[in-house]
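What follows is the content of entry.json, which has JSON, C-alpha atoms:
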[["chain", "number", "residue", "atom", "x", "y", "z"],
["A", 10, "MET", "CA", 153.97, 95.35, 84.56],
["A", 11, "LYS", "CA", 152.63, 94.91, 88.12],
["A", 12, "LYS", "CA", 153.54, 98.47, 88.99],
["A", 13, "PHE", "CA", 151.71, 99.77, 85.87],
["A", 14, "LEU", "CA", 148.61, 97.74, 86.80],
["A", 15, "LYS", "CA", 148.64, 99.10, 90.37],
["A", 16, "ILE", "CA", 148.92, 102.67, 89.10],
["A", 17, "ALA", "CA", 146.11, 102.12, 86.58],
["A", 18, "VAL", "CA", 143.81, 100.69, 89.27],
["A", 19, "LEU", "CA", 144.66, 103.54, 91.65],
["A", 20, "LEU", "CA", 143.96, 106.17, 88.96],
["A", 21, "ALA", "CA", 140.67, 104.48, 88.04],
["A", 22, "ALA", "CA", 139.62, 104.45, 91.70],
["A", 23, "ILE", "CA", 140.50, 108.13, 92.09],
["A", 24, "LEU", "CA", 138.58, 109.00, 88.90],
["A", 25, "ILE", "CA", 135.49, 107.10, 90.07],
["A", 26, "GLY", "CA", 135.76, 108.83, 93.46],
["A", 27, "VAL", "CA", 135.94, 112.28, 91.87],
["A", 28, "LEU", "CA", 133.00, 111.47, 89.57],
["A", 29, "GLN", "CA", 130.78, 111.01, 92.65],
["A", 30, "PHE", "CA", 130.83, 114.80, 93.07],
["A", 31, "PHE", "CA", 129.45, 115.35, 89.57],
["A", 32, "ARG", "CA", 126.04, 113.74, 89.17],
["A", 33, "PRO", "CA", 123.07, 114.57, 87.00],
["A", 34, "SER", "CA", 119.88, 115.82, 88.60],
["A", 35, "PHE", "CA", 117.29, 113.16, 89.25],
["A", 36, "ILE", "CA", 114.30, 115.32, 89.98],
["A", 37, "ASN", "CA", 111.19, 114.34, 88.05],
["A", 38, "PRO", "CA", 109.51, 117.12, 86.07],
["A", 39, "ALA", "CA", 106.23, 118.24, 87.58],
["A", 40, "LEU", "CA", 103.08, 116.36, 86.69],
["A", 41, "VAL", "CA", 100.61, 118.76, 85.05],
["A", 42, "ALA", "CA", 96.91, 118.01, 85.50],
["A", 43, "GLY", "CA", 95.23, 117.03, 82.27],
["A", 44, "GLN", "CA", 98.40, 116.19, 80.34],
["A", 45, "ALA", "CA", 98.81, 112.48, 81.13],
["A", 46, "ILE", "CA", 97.72, 109.79, 78.70],
["A", 47, "GLU", "CA", 95.00, 108.52, 81.01],
["A", 48, "ASP", "CA", 93.45, 112.02, 81.03],
["A", 49, "SER", "CA", 92.49, 111.78, 77.36],
["A", 50, "ILE", "CA", 92.24, 108.16, 76.25],
["A", 51, "LEU", "CA", 90.99, 104.99, 77.82],
["A", 52, "VAL", "CA", 93.80, 103.06, 79.47],
["A", 53, "PRO", "CA", 92.35, 99.89, 81.01],
["A", 54, "ALA", "CA", 93.70, 98.92, 84.42],
["A", 55, "GLU", "CA", 95.60, 95.89, 83.03],
["A", 56, "VAL", "CA", 97.31, 98.06, 80.42],
["A", 57, "GLN", "CA", 98.09, 100.77, 82.98],
["A", 58, "MET", "CA", 99.64, 98.15, 85.24],
["A", 59, "VAL", "CA", 101.96, 96.94, 82.47],
["A", 60, "ILE", "CA", 102.89, 100.50, 81.44],
["A", 61, "SER", "CA", 103.58, 101.45, 85.06],
["A", 62, "ARG", "CA", 105.82, 98.45, 85.63],
["A", 63, "SER", "CA", 107.62, 98.28, 82.28],
["A", 64, "CYS", "CA", 107.55, 101.75, 80.71],
["A", 65, "ASN", "CA", 107.10, 104.59, 83.20],
["A", 66, "ASP", "CA", 110.68, 104.74, 84.49],
["A", 67, "CYS", "CA", 111.87, 106.04, 81.11],
["A", 68, "HIS", "CA", 108.68, 107.26, 79.46],
["A", 69, "SER", "CA", 106.99, 109.40, 82.11],
["A", 70, "ASN", "CA", 107.64, 112.01, 84.76],
["A", 71, "LYS", "CA", 107.07, 109.30, 87.41],
["A", 72, "THR", "CA", 110.51, 107.72, 87.30],
["A", 73, "LEU", "CA", 111.47, 105.67, 90.35],
["A", 74, "TYR", "CA", 115.21, 106.09, 90.71],
["A", 75, "PRO", "CA", 117.07, 102.99, 91.93],
["A", 76, "TRP", "CA", 119.97, 103.10, 94.37],
["A", 77, "TYR", "CA", 122.55, 102.89, 91.59],
["A", 78, "SER", "CA", 121.27, 106.17, 90.13],
["A", 79, "GLN", "CA", 123.39, 107.84, 92.81],
["A", 80, "VAL", "CA", 126.61, 106.17, 91.69],
["A", 81, "SER", "CA", 128.69, 107.62, 88.85],
["A", 82, "PRO", "CA", 129.26, 106.64, 86.07],
["A", 83, "PHE", "CA", 125.98, 104.66, 86.18],
["A", 84, "SER", "CA", 124.10, 107.85, 87.01],
["A", 85, "TRP", "CA", 125.11, 109.46, 83.70],
["A", 86, "PHE", "CA", 124.19, 106.37, 81.70],
["A", 87, "LEU", "CA", 120.81, 106.24, 83.43],
["A", 88, "ALA", "CA", 120.16, 109.98, 83.02],
["A", 89, "GLY", "CA", 120.86, 109.71, 79.30],
["A", 90, "HIS", "CA", 118.43, 106.83, 78.86],
["A", 91, "ILE", "CA", 115.69, 108.61, 80.77],
["A", 92, "GLU", "CA", 116.20, 111.84, 78.84],
["A", 93, "ASP", "CA", 116.09, 109.97, 75.51],
["A", 94, "GLY", "CA", 113.03, 107.98, 76.58],
["A", 95, "ARG", "CA", 111.07, 111.04, 77.66],
["A", 96, "ARG", "CA", 112.02, 112.90, 74.49],
["A", 97, "GLU", "CA", 110.77, 110.00, 72.36],
["A", 98, "LEU", "CA", 107.55, 109.34, 74.31],
["A", 99, "ASN", "CA", 106.33, 110.81, 77.58],
["A", 100, "PHE", "CA", 103.07, 109.41, 78.94],
["A", 101, "SER", "CA", 102.94, 112.27, 81.46],
["A", 102, "GLU", "CA", 102.93, 114.86, 78.65],
["A", 103, "TRP", "CA", 100.72, 112.95, 76.19],
["A", 104, "ASN", "CA", 98.20, 115.75, 75.73],
["A", 105, "THR", "CA", 100.89, 118.13, 74.51],
["A", 106, "TYR", "CA", 101.15, 115.99, 71.35],
["A", 107, "SER", "CA", 99.09, 116.63, 68.21],
["A", 108, "ASP", "CA", 96.46, 114.03, 67.32],
["A", 109, "THR", "CA", 98.62, 112.89, 64.40],
["A", 110, "LYS", "CA", 101.62, 112.41, 66.70],
["A", 111, "LYS", "CA", 99.47, 110.52, 69.22],
["A", 112, "GLY", "CA", 98.38, 108.11, 66.49],
["A", 113, "ARG", "CA", 101.97, 107.64, 65.36],
["A", 114, "LYS", "CA", 103.16, 107.04, 68.94],
["A", 115, "LEU", "CA", 100.46, 104.43, 69.54],
["A", 116, "GLU", "CA", 101.60, 102.62, 66.40],
["A", 117, "GLU", "CA", 105.24, 102.83, 67.51],
["A", 118, "ILE", "CA", 104.39, 101.50, 70.97],
["A", 119, "CYS", "CA", 103.10, 98.29, 69.41],
["A", 120, "GLU", "CA", 106.02, 98.03, 66.98],
["A", 121, "MET", "CA", 108.62, 98.49, 69.71],
["A", 122, "VAL", "CA", 106.97, 96.06, 72.13],
["A", 123, "GLU", "CA", 106.33, 93.37, 69.49],
["A", 124, "GLY", "CA", 109.85, 93.69, 68.13],
["A", 125, "GLY", "CA", 111.39, 93.33, 71.60],
["A", 126, "ALA", "CA", 113.08, 96.74, 71.41],
["A", 127, "MET", "CA", 111.11, 97.91, 74.45],
["A", 128, "PRO", "CA", 111.65, 97.70, 77.29],
["A", 129, "LEU", "CA", 115.33, 98.14, 76.54],
["A", 130, "PRO", "CA", 117.28, 94.92, 77.04],
["A", 131, "SER", "CA", 119.80, 96.83, 79.19],
["A", 132, "TYR", "CA", 116.94, 97.95, 81.48],
["A", 133, "LEU", "CA", 115.77, 94.36, 81.82],
["A", 134, "TRP", "CA", 119.15, 93.20, 83.16],
["A", 135, "ILE", "CA", 118.25, 94.64, 86.54],
["A", 136, "HIS", "CA", 114.48, 95.13, 86.27],
["A", 137, "ARG", "CA", 113.41, 91.55, 85.69],
["A", 138, "ASP", "CA", 109.82, 92.39, 86.68],
["A", 139, "ALA", "CA", 109.57, 94.67, 83.60],
["A", 140, "VAL", "CA", 109.96, 91.79, 81.12],
["A", 141, "LEU", "CA", 106.87, 91.49, 78.94],
["A", 142, "ASN", "CA", 105.50, 88.05, 78.19],
["A", 143, "ASN", "CA", 103.60, 87.37, 74.96],
["A", 144, "ASP", "CA", 100.20, 87.96, 76.57],
["A", 145, "GLN", "CA", 101.31, 91.35, 77.89],
["A", 146, "LYS", "CA", 102.74, 92.29, 74.50],
["A", 147, "ARG", "CA", 99.45, 91.33, 72.86],
["A", 148, "LEU", "CA", 97.52, 93.30, 75.50],
["A", 149, "ILE", "CA", 99.59, 96.45, 74.84],
["A", 150, "CYS", "CA", 99.36, 96.06, 71.06],
["A", 151, "ASP", "CA", 95.62, 95.37, 71.02],
["A", 152, "TRP", "CA", 95.04, 98.46, 73.18],
["A", 153, "ALA", "CA", 97.39, 100.67, 71.13],
["A", 154, "LYS", "CA", 95.86, 99.56, 67.82],
["A", 155, "ALA", "CA", 92.30, 100.17, 69.08],
["A", 156, "GLU", "CA", 93.20, 103.64, 70.38],
["A", 157, "LYS", "CA", 95.13, 104.51, 67.21],
["A", 158, "LEU", "CA", 91.91, 104.19, 65.19],
["A", 159, "LYS", "CA", 90.61, 107.28, 67.04],
["A", 160, "PHE", "CA", 93.40, 109.48, 65.63],
["A", 161, "PRO", "CA", 94.01, 110.72, 62.08],
["A", 162, "SER", "CA", 96.67, 109.05, 59.96],
["A", 163, "GLU", "CA", 99.42, 110.96, 58.22]]

What is this structure when it is put down as structure tokens?
Amino acid sequence: MKKFLKIAVLLAAILIGVLQFFRPSFINPALVAGQAIEDSILVPAEVQMVISRSCNDCHSNKTLYPWYSQVSPFSWFLAGHIEDGRRELNFSEWNTYSDTKKGRKLEEICEMVEGGAMPLPSYLWIHRDAVLNNDQKRLICDWAKAEKLKFPSE
């Protein structure tokens, strides 16, 4: 049994070592002038501060990659989350959305924040500064609801 355990640990170490040569790209897409959310709707400084701290790493083209983004298999897990987050909502590409989609996204922002689904609990394990308190949740929701009124409903 000890010999099997030693072999398993050795193989796992070799696999992790080999994985370091195969990492996803962590280059942020270019920021295009006029496409960001703050280029088309009012985003008060307090709201922008919360979004920057708690949302931008997964929902913008301004991701700040932590040290562990260079370590496989964490790099693949992280890349997947960022890709999914940007596909779902990208504050840096906000003006590429239709007005109807913008209204829907503003509604979803509030739902996700109020329900505790965002920021992702797994993100908060390491990014403790991204945790939203009740006042910050209310701030985001009040802003999102006010801005949603400016867009057509489905």

Need the shell around A:Asn70: protein/DNA/RNA residues with any atom at most 10 Å away, counting all atoms listed in the file. Skip same-chain ones fewer than 2 positions apart. Format as number ranges by chain?
A: 36-41, 45, 65-68, 72-73, 91, 95, 99-102

With distances taken over all atoms listed in the file, which of A:Tyr74, A:Pro130, A:Gln44, A:His136 is nearest to A:Leu87?
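Selected residue with least distance to A:Leu87: A:Tyr74.
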
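Atom CA of A:Leu98 sits 13.5 Å away from atom CA of A:Val122.
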
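Going from atom CA of A:Gln145 over to atom CA of A:Glu55, you cover 8.9 Å.
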
Per-residue nearest contacts stretch 46-129 of chain A to stretch 137-144 of chain A, cut-off 9 Å, using all atoms listed in the file, as a tab-separated table:
residue	atom	partner	partner_atom	distance
A:Val59	CA	A:Ala139	CA	8.0
A:Arg62	CA	A:Ala139	CA	5.7
A:Ser63	CA	A:Ala139	CA	4.3
A:Cys64	CA	A:Ala139	CA	7.9
A:Val122	CA	A:Leu141	CA	8.2
A:Glu123	CA	A:Asn143	CA	8.6
A:Gly125	CA	A:Leu141	CA	8.8
A:Met127	CA	A:Leu141	CA	8.9
A:Pro128	CA	A:Val140	CA	7.2

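Comparing A:Lys159, A:Arg32, A:Lys12, A:Lys146 by their smallest distance to A:Asp108, the closest is A:Lys159 (using all atoms listed in the file).
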
Residue with smallest distance to A:Lys154 - pool A:Asp48, A:Glu120, A:Ser107, A:Ile23, counting all atoms listed in the file
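For A:Lys154, the nearest of the candidates is A:Glu120.
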
Given only C-alpha atoms as the counted atoms, nearest of A:Phe35, A:Cys150, A:Ser49, A:Ala22 to A:Glu117
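For A:Glu117, the nearest of the candidates is A:Cys150.
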
In Å, how far is it from atom CA of A:Ser131 to atom CA of A:Cys119?
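Separating atom CA of A:Ser131 from atom CA of A:Cys119 is a distance of 19.4 Å.
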
Close residues, A:Glu116 itself excluded, 12 Å, only C-alpha atoms, min 2 positions apart in chain, as a ChimeraX atom specification
/A:98,109-114,118-123,149-163

Counting only C-alpha atoms, figure out which residue out of A:Lys11, A:Tyr77, A:Val18, A:Glu97 gets nearest to A:Ile135.
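Of all the options, A:Tyr77 lies closest to A:Ile135.
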
Enclose stretch 54-63 of chain A, meaning all of its atoms listed in the file, in a box aligned along x, y and z, pad it by 3 Å on each side, and list the centre and edge lengths in Å to one decimal, as lines of an AutoDock Vina configuration file.
center_x = 100.7
center_y = 98.7
center_z = 83.0
size_x = 19.9
size_y = 11.6
size_z = 11.2

Under the rule that only C-alpha atoms are counted, which of A:Ile50, A:Ala42, A:Met58, A:Met10 is the nearest residue to A:Leu148?
A:Met58
